[in-house]
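The next block is input17.pdb, given as PDB, C-alpha atoms.
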ATOM      1  CA  MET Z  30     175.682 120.402  18.819
ATOM      2  CA  SER Z  31     178.251 122.515  16.995
ATOM      3  CA  PRO Z  32     178.864 121.683  13.317
ATOM      4  CA  ARG Z  33     181.910 119.686  12.373
ATOM      5  CA  PRO Z  34     184.848 121.527  10.823
ATOM      6  CA  LYS Z  35     184.314 122.097   7.128
ATOM      7  CA  ASP Z  36     187.124 119.771   6.058
ATOM      8  CA  ALA Z  37     185.771 116.987   8.289
ATOM      9  CA  GLN Z  38     182.490 117.055   6.363
ATOM     10  CA  LYS Z  39     184.183 116.128   3.109
ATOM     11  CA  PRO Z  40     184.792 112.424   2.491
ATOM     12  CA  THR Z  41     188.452 111.470   2.378
ATOM     13  CA  LYS Z  42     190.015 109.764  -0.635
ATOM     14  CA  ALA Z  43     189.841 106.440   1.232
ATOM     15  CA  GLU Z  44     186.152 106.980   2.004
ATOM     16  CA  ARG Z  45     185.417 107.821  -1.630
ATOM     17  CA  THR Z  46     187.265 104.708  -2.788
ATOM     18  CA  LYS Z  47     185.410 102.533  -0.322
ATOM     19  CA  ALA Z  48     182.073 104.001  -1.419
ATOM     20  CA  ARG Z  49     182.939 103.402  -5.097
ATOM     21  CA  ILE Z  50     183.733  99.766  -4.403
ATOM     22  CA  ARG Z  51     180.520  99.383  -2.385
ATOM     23  CA  ASP Z  52     178.318 100.963  -5.059
ATOM     24  CA  CYS Z  53     179.893  99.019  -7.940
ATOM     25  CA  ALA Z  54     179.523  95.784  -5.982
ATOM     26  CA  LEU Z  55     175.883  96.544  -5.246
ATOM     27  CA  GLU Z  56     175.181  97.166  -8.928
ATOM     28  CA  LEU Z  57     176.867  93.909  -9.925
ATOM     29  CA  PHE Z  58     175.047  91.915  -7.233
ATOM     30  CA  HIS Z  59     171.749  93.166  -8.631
ATOM     31  CA  GLU Z  60     172.841  92.357 -12.170
ATOM     32  CA  LYS Z  61     174.589  88.995 -11.690
ATOM     33  CA  GLY Z  62     173.938  87.861  -8.132
ATOM     34  CA  PHE Z  63     176.292  87.742  -5.168
ATOM     35  CA  ASP Z  64     177.717  84.273  -5.852
ATOM     36  CA  SER Z  65     178.356  84.960  -9.544
ATOM     37  CA  THR Z  66     180.212  88.213  -8.930
ATOM     38  CA  SER Z  67     183.946  88.066  -8.302
ATOM     39  CA  VAL Z  68     186.162  90.534  -6.504
ATOM     40  CA  GLU Z  69     188.010  91.039  -9.791
ATOM     41  CA  GLU Z  70     184.783  92.055 -11.536
ATOM     42  CA  ILE Z  71     184.010  94.510  -8.737
ATOM     43  CA  THR Z  72     187.418  96.140  -8.961
ATOM     44  CA  GLN Z  73     187.269  96.315 -12.756
ATOM     45  CA  ALA Z  74     183.900  98.067 -12.546
ATOM     46  CA  ALA Z  75     185.302 100.466  -9.952
ATOM     47  CA  GLY Z  76     188.471 101.101 -11.953
ATOM     48  CA  LEU Z  77     190.674  99.840  -9.129
ATOM     49  CA  THR Z  78     193.113  97.028  -8.445
ATOM     50  CA  LYS Z  79     192.310  93.972  -6.351
ATOM     51  CA  GLY Z  80     194.900  95.245  -3.903
ATOM     52  CA  ALA Z  81     192.860  98.406  -3.433
ATOM     53  CA  PHE Z  82     189.797  96.267  -2.695
ATOM     54  CA  TYR Z  83     191.595  94.334   0.025
ATOM     55  CA  VAL Z  84     192.823  97.538   1.656
ATOM     56  CA  HIS Z  85     189.187  98.286   2.533
ATOM     57  CA  PHE Z  86     187.460  94.896   2.593
ATOM     58  CA  GLU Z  87     188.625  91.437   3.623
ATOM     59  CA  SER Z  88     186.213  89.679   1.269
ATOM     60  CA  LYS Z  89     182.889  90.071  -0.507
ATOM     61  CA  TYR Z  90     181.199  89.264   2.799
ATOM     62  CA  SER Z  91     182.751  92.292   4.448
ATOM     63  CA  LEU Z  92     180.825  94.468   2.004
ATOM     64  CA  PHE Z  93     177.623  93.750   3.915
ATOM     65  CA  PRO Z  94     178.394  96.108   6.834
ATOM     66  CA  ALA Z  95     179.198  98.828   4.289
ATOM     67  CA  PHE Z  96     175.772  98.349   2.684
ATOM     68  CA  ILE Z  97     174.096  98.605   6.105
ATOM     69  CA  ASP Z  98     176.115 101.712   7.007
ATOM     70  CA  SER Z  99     175.025 103.393   3.785
ATOM     71  CA  LEU Z 100     171.398 102.589   4.629
ATOM     72  CA  ASP Z 101     171.797 104.137   8.071
ATOM     73  CA  LEU Z 102     173.129 107.336   6.495
ATOM     74  CA  ASN Z 103     170.008 107.431   4.330
ATOM     75  CA  TYR Z 104     167.800 106.807   7.361
ATOM     76  CA  SER Z 105     169.326 109.756   9.217
ATOM     77  CA  GLY Z 106     168.994 112.038   6.223
ATOM     78  CA  HIS Z 107     165.337 111.167   5.635
ATOM     79  CA  TYR Z 108     164.520 111.318   9.345
ATOM     80  CA  ALA Z 109     165.594 114.974   9.423
ATOM     81  CA  SER Z 110     162.742 115.727   6.998
ATOM     82  CA  LEU Z 111     160.232 114.379   9.551
ATOM     83  CA  ALA Z 112     161.338 116.670  12.373
ATOM     84  CA  ALA Z 113     158.430 119.072  11.821
ATOM     85  CA  GLU Z 114     155.766 116.314  11.854
ATOM     86  CA  PRO Z 115     153.608 117.075  14.940
ATOM     87  CA  ASP Z 116     152.323 113.516  15.377
ATOM     88  CA  ALA Z 117     155.014 111.074  16.522
ATOM     89  CA  LEU Z 118     153.180 107.976  15.284
ATOM     90  CA  ILE Z 119     152.550 109.537  11.882
ATOM     91  CA  ALA Z 120     156.265 110.346  11.753
ATOM     92  CA  LEU Z 121     157.015 106.714  12.661
ATOM     93  CA  ALA Z 122     154.676 105.486   9.920
ATOM     94  CA  ARG Z 123     156.338 107.709   7.351
ATOM     95  CA  PHE Z 124     159.794 106.702   8.498
ATOM     96  CA  THR Z 125     158.768 103.035   8.193
ATOM     97  CA  ASP Z 126     157.677 103.725   4.625
ATOM     98  CA  ILE Z 127     161.107 105.275   3.913
ATOM     99  CA  VAL Z 128     162.894 102.227   5.345
ATOM    100  CA  LEU Z 129     160.815  99.867   3.209
ATOM    101  CA  ASP Z 130     161.514 101.902   0.069
ATOM    102  CA  LEU Z 131     165.274 101.801   0.730
ATOM    103  CA  LEU Z 132     165.204  98.053   1.372
ATOM    104  CA  VAL Z 133     163.279  97.393  -1.837
ATOM    105  CA  ASN Z 134     164.990  99.896  -4.123
ATOM    106  CA  ARG Z 135     168.565  99.932  -2.799
ATOM    107  CA  LEU Z 136     169.354  96.501  -1.353
ATOM    108  CA  GLY Z 137     166.684  94.162  -2.643
ATOM    109  CA  THR Z 138     166.808  90.387  -2.334
ATOM    110  CA  ALA Z 139     170.058  90.345  -4.334
ATOM    111  CA  VAL Z 140     171.820  91.522  -1.186
ATOM    112  CA  LEU Z 141     169.469  90.403   1.573
ATOM    113  CA  ARG Z 142     169.417  86.721   0.549
ATOM    114  CA  PRO Z 143     173.207  86.222   0.725
ATOM    115  CA  LEU Z 144     173.311  88.409   3.841
ATOM    116  CA  TYR Z 145     170.876  86.147   5.700
ATOM    117  CA  ARG Z 146     172.710  83.075   4.460
ATOM    118  CA  ALA Z 147     176.043  84.486   5.616
ATOM    119  CA  GLN Z 148     174.611  85.363   9.016
ATOM    120  CA  VAL Z 149     173.245  81.851   9.536
ATOM    121  CA  ALA Z 150     176.530  80.298   8.395
ATOM    122  CA  GLY Z 151     178.563  82.600  10.623
ATOM    123  CA  ASP Z 152     180.429  84.132   7.679
ATOM    124  CA  VAL Z 153     179.728  87.653   8.948
ATOM    125  CA  ASP Z 154     179.687  89.163  12.413
ATOM    126  CA  THR Z 155     176.034  89.772  13.264
ATOM    127  CA  GLU Z 156     176.845  92.360  15.934
ATOM    128  CA  HIS Z 157     177.093  95.073  13.298
ATOM    129  CA  PHE Z 158     173.510  94.460  12.188
ATOM    130  CA  VAL Z 159     171.844  94.040  15.575
ATOM    131  CA  SER Z 160     173.659  96.825  17.444
ATOM    132  CA  LYS Z 161     171.196  99.090  19.217
ATOM    133  CA  GLU Z 162     173.509 101.995  18.457
ATOM    134  CA  ARG Z 163     172.534 101.794  14.786
ATOM    135  CA  ASP Z 164     170.594 104.822  13.548
ATOM    136  CA  LEU Z 165     167.664 102.572  12.635
ATOM    137  CA  PHE Z 166     167.261 101.501  16.271
ATOM    138  CA  ARG Z 167     167.828 104.960  17.709
ATOM    139  CA  ILE Z 168     165.348 106.685  15.393
ATOM    140  CA  ILE Z 169     162.549 104.184  16.019
ATOM    141  CA  ARG Z 170     163.154 104.173  19.766
ATOM    142  CA  GLY Z 171     163.188 107.973  19.804
ATOM    143  CA  LEU Z 172     159.866 108.196  17.966
ATOM    144  CA  LEU Z 173     158.225 105.655  20.261
ATOM    145  CA  GLU Z 174     159.487 107.490  23.340
ATOM    146  CA  ARG Z 175     158.225 110.772  21.921
ATOM    147  CA  ALA Z 176     154.807 109.172  21.345
ATOM    148  CA  GLN Z 177     154.805 108.125  25.000
ATOM    149  CA  ARG Z 178     155.723 111.615  26.214
ATOM    150  CA  GLU Z 179     152.912 113.062  24.099
ATOM    151  CA  GLY Z 180     150.395 110.566  25.459
ATOM    152  CA  GLN Z 181     149.817 108.781  22.165
ATOM    153  CA  ILE Z 182     150.756 105.390  23.579
ATOM    154  CA  GLY Z 183     150.835 104.152  27.135
ATOM    155  CA  ALA Z 184     153.706 105.324  29.308
ATOM    156  CA  ASP Z 185     153.688 101.864  30.914
ATOM    157  CA  LEU Z 186     154.846 100.245  27.666
ATOM    158  CA  ASN Z 187     158.551  99.445  27.519
ATOM    159  CA  SER Z 188     160.009 101.502  24.655
ATOM    160  CA  GLU Z 189     163.062  99.237  24.420
ATOM    161  CA  ALA Z 190     160.863  96.156  24.015
ATOM    162  CA  LEU Z 191     158.638  97.955  21.495
ATOM    163  CA  THR Z 192     161.699  98.951  19.485
ATOM    164  CA  ASP Z 193     162.964  95.362  19.494
ATOM    165  CA  HIS Z 194     159.558  94.136  18.331
ATOM    166  CA  TYR Z 195     159.469  96.740  15.567
ATOM    167  CA  ILE Z 196     162.918  95.787  14.287
ATOM    168  CA  MET Z 197     162.137  92.068  14.480
ATOM    169  CA  THR Z 198     159.022  92.678  12.403
ATOM    170  CA  PHE Z 199     161.221  94.288   9.741
ATOM    171  CA  ARG Z 200     163.565  91.300   9.812
ATOM    172  CA  CYS Z 201     160.751  88.750   9.612
ATOM    173  CA  MET Z 202     159.160  90.564   6.679
ATOM    174  CA  CYS Z 203     162.503  90.724   4.837
ATOM    175  CA  PHE Z 204     163.189  87.043   5.479
ATOM    176  CA  GLU Z 205     159.756  86.118   4.074
ATOM    177  CA  TRP Z 206     160.462  88.314   1.069
ATOM    178  CA  CYS Z 207     163.757  86.537   0.441
ATOM    179  CA  ALA Z 208     162.288  83.073   0.997
ATOM    180  CA  ARG Z 209     159.101  83.466  -1.018
ATOM    181  CA  GLY Z 210     160.391  85.478  -3.945
ATOM    182  CA  PRO Z 211     158.675  87.993  -6.228
ATOM    183  CA  ASP Z 212     155.153  86.818  -5.360
ATOM    184  CA  PHE Z 213     155.658  88.265  -1.866
ATOM    185  CA  ASP Z 214     154.943  92.010  -1.869
ATOM    186  CA  LEU Z 215     157.184  93.283   0.934
ATOM    187  CA  LYS Z 216     155.581  96.698   1.334
ATOM    188  CA  ARG Z 217     152.007  95.441   1.248
ATOM    189  CA  GLU Z 218     152.691  92.694   3.789
ATOM    190  CA  ALA Z 219     154.734  94.999   6.018
ATOM    191  CA  TYR Z 220     151.930  97.579   6.061
ATOM    192  CA  ARG Z 221     149.505  94.860   7.109
ATOM    193  CA  HIS Z 222     151.665  93.548   9.953
ATOM    194  CA  PHE Z 223     152.757  96.962  11.191
ATOM    195  CA  GLY Z 224     149.072  97.892  11.135
ATOM    196  CA  TYR Z 225     148.437  95.146  13.685
ATOM    197  CA  LEU Z 226     151.201  96.556  15.842
ATOM    198  CA  PHE Z 227     149.772 100.064  15.634
ATOM    199  CA  ASP Z 228     146.331  98.702  16.485
ATOM    200  CA  GLY Z 229     147.817  97.266  19.643
ATOM    201  CA  ILE Z 230     149.288 100.523  20.883
ATOM    202  CA  ARG Z 231     146.787 103.034  19.550
ATOM    203  CA  PRO Z 232     143.400 103.022  17.727
ATOM    204  CA  ARG Z 233     143.577 103.476  13.978
ATOM    205  CA  LEU Z 234     144.063 107.086  12.904
ATOM    206  CA  SER Z 235     141.551 108.808  10.679
ATOM    207  CA  MET Z 236     143.975 111.416   9.358
ATOM    208  CA  ALA Z 237     145.949 110.926   6.163
ATOM    209  CA  ALA Z 238     148.890 108.585   6.686
ATOM    210  CA  PRO Z 239     150.860 105.879   4.909
ATOM    211  CA  PRO Z 240     148.877 102.666   4.317
ATOM    212  CA  LEU Z 241     150.360 100.848   7.318
ATOM    213  CA  LEU Z 242     148.079 102.878   9.576
TER     214      LEU Z 242
END
Using the file provided, produce a representation of the structure as structure tokens.
Amino acid sequence: MSPRPKDAQKPTKAERTKARIRDCALELFHEKGFDSTSVEEITQAAGLTKGAFYVHFESKYSLFPAFIDSLDLNYSGHYASLAAEPDALIALARFTDIVLDLLVNRLGTAVLRPLYRAQVAGDVDTEHFVSKERDLFRIIRGLLERAQREGQIGADLNSEALTDHYIMTFRCMCFEWCARGPDFDLKREAYRHFGYLFDGIRPRLSMAAPPLL
């Protein structure tokens, strides 16, 4: 694939403004909570007018897709660092660890709790989050298919179904984290449950790997 033109790689003024609003909102949600943060407070923190906010977002709820998009950009960037990993399942384990770190350290329950609530209430369009064209889906599916080609897991297993199961495990773990609060260690529990999944498709590995293996 040929590189994009140099000017296309630079974010536009509108993209920079949108990112500033997103990042200021995320900081305020962590500090005050989603419900206690107003659009006016977000725009003040970003140094913008409320009108500028509504050029890019219809409401606070429409910030959620922007948060997810920023995660996907991080996923793609981190995935590139795993390209040289010779073992597809080790690469998948390390990528899973990256995803968990981003969920804990970037979004946290301050964003995930109101996101789940909004999804259940129908306040946000869920298609954006469940689309199989998201980088999260494509990366996991690609690693599972690579593991099949390399004979690490059975070629008879349906990679699409495995990908769905993997993503649903992420969602279930995050929901438990939101519901049960700080006593629920997301990474520890996710490692345990993903370990069961790995046990089902391949014997435990003896080589060094993230704890979920």
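Among Z:Asn103, Z:Thr72, Z:Thr125, Z:Gln148, the residue with the shortest atom-to-atom distance to His85 (chain Z), counting all atoms listed in the file, is Z:Thr72.
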Residues of region 96-175 of chain Z that have any atom at most 12 Å from an atom of region 43-47 of chain Z: could you tabulate them with the shortest-distance atom pair and the distance in Å to one decimal, using all atoms listed in the file, ordered by chain and increasing number, as CSV?
residue,atom,partner,partner_atom,distance
Z:Phe96,CA,Z:Lys47,CA,10.9
Z:Asp98,CA,Z:Lys47,CA,11.9
Z:Ser99,CA,Z:Lys47,CA,11.2
* To do: Tell me which protein, DNA and RNA residues are within 8 Å of Cys207 (chain Z), counting only C-alpha atoms, leaving out same-chain ones fewer than 5 positions away, and put them as a PyMOL selection string.
  => chain Z and resi 138+141-142
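Across the structure, CA of Glu189 (chain Z) and CA of Arg170 (chain Z) are spaced 6.8 Å apart.
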Draw an axis-aligned box tight on the listed atoms of region 73-85 of chain Z, then pad every side by 4 Å and write out centre and edge lengths in Å to one decimal as JSON.
{"center_x": 189.4, "center_y": 97.5, "center_z": -5.1, "size_x": 19.0, "size_y": 15.1, "size_z": 23.3}
* Matched chain/residue IDs from the PyMOL selection byres ((chain Z and resi 59) around 10), as a PyMOL selection string -> chain Z and resi 54-58+60-63+66+135-140
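Between CA of Met202 (chain Z) and CA of Asp130 (chain Z) lies a distance of 13.3 Å.
Separating CA of Lys161 (chain Z) from CA of Tyr195 (chain Z) is a distance of 12.5 Å.
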* Asked: Which is closest to Tyr108 (chain Z) among Z:Ser67, Z:Leu172, Z:Glu205, Z:Phe223, if we use all atoms listed in the file?
  -> Z:Leu172
* Structure fact -> Nearest to Ile127 (chain Z), restricted to all atoms listed in the file and choosing among Z:Lys216, Z:Arg200, Z:Arg209, Z:His222, comes out as Z:Lys216
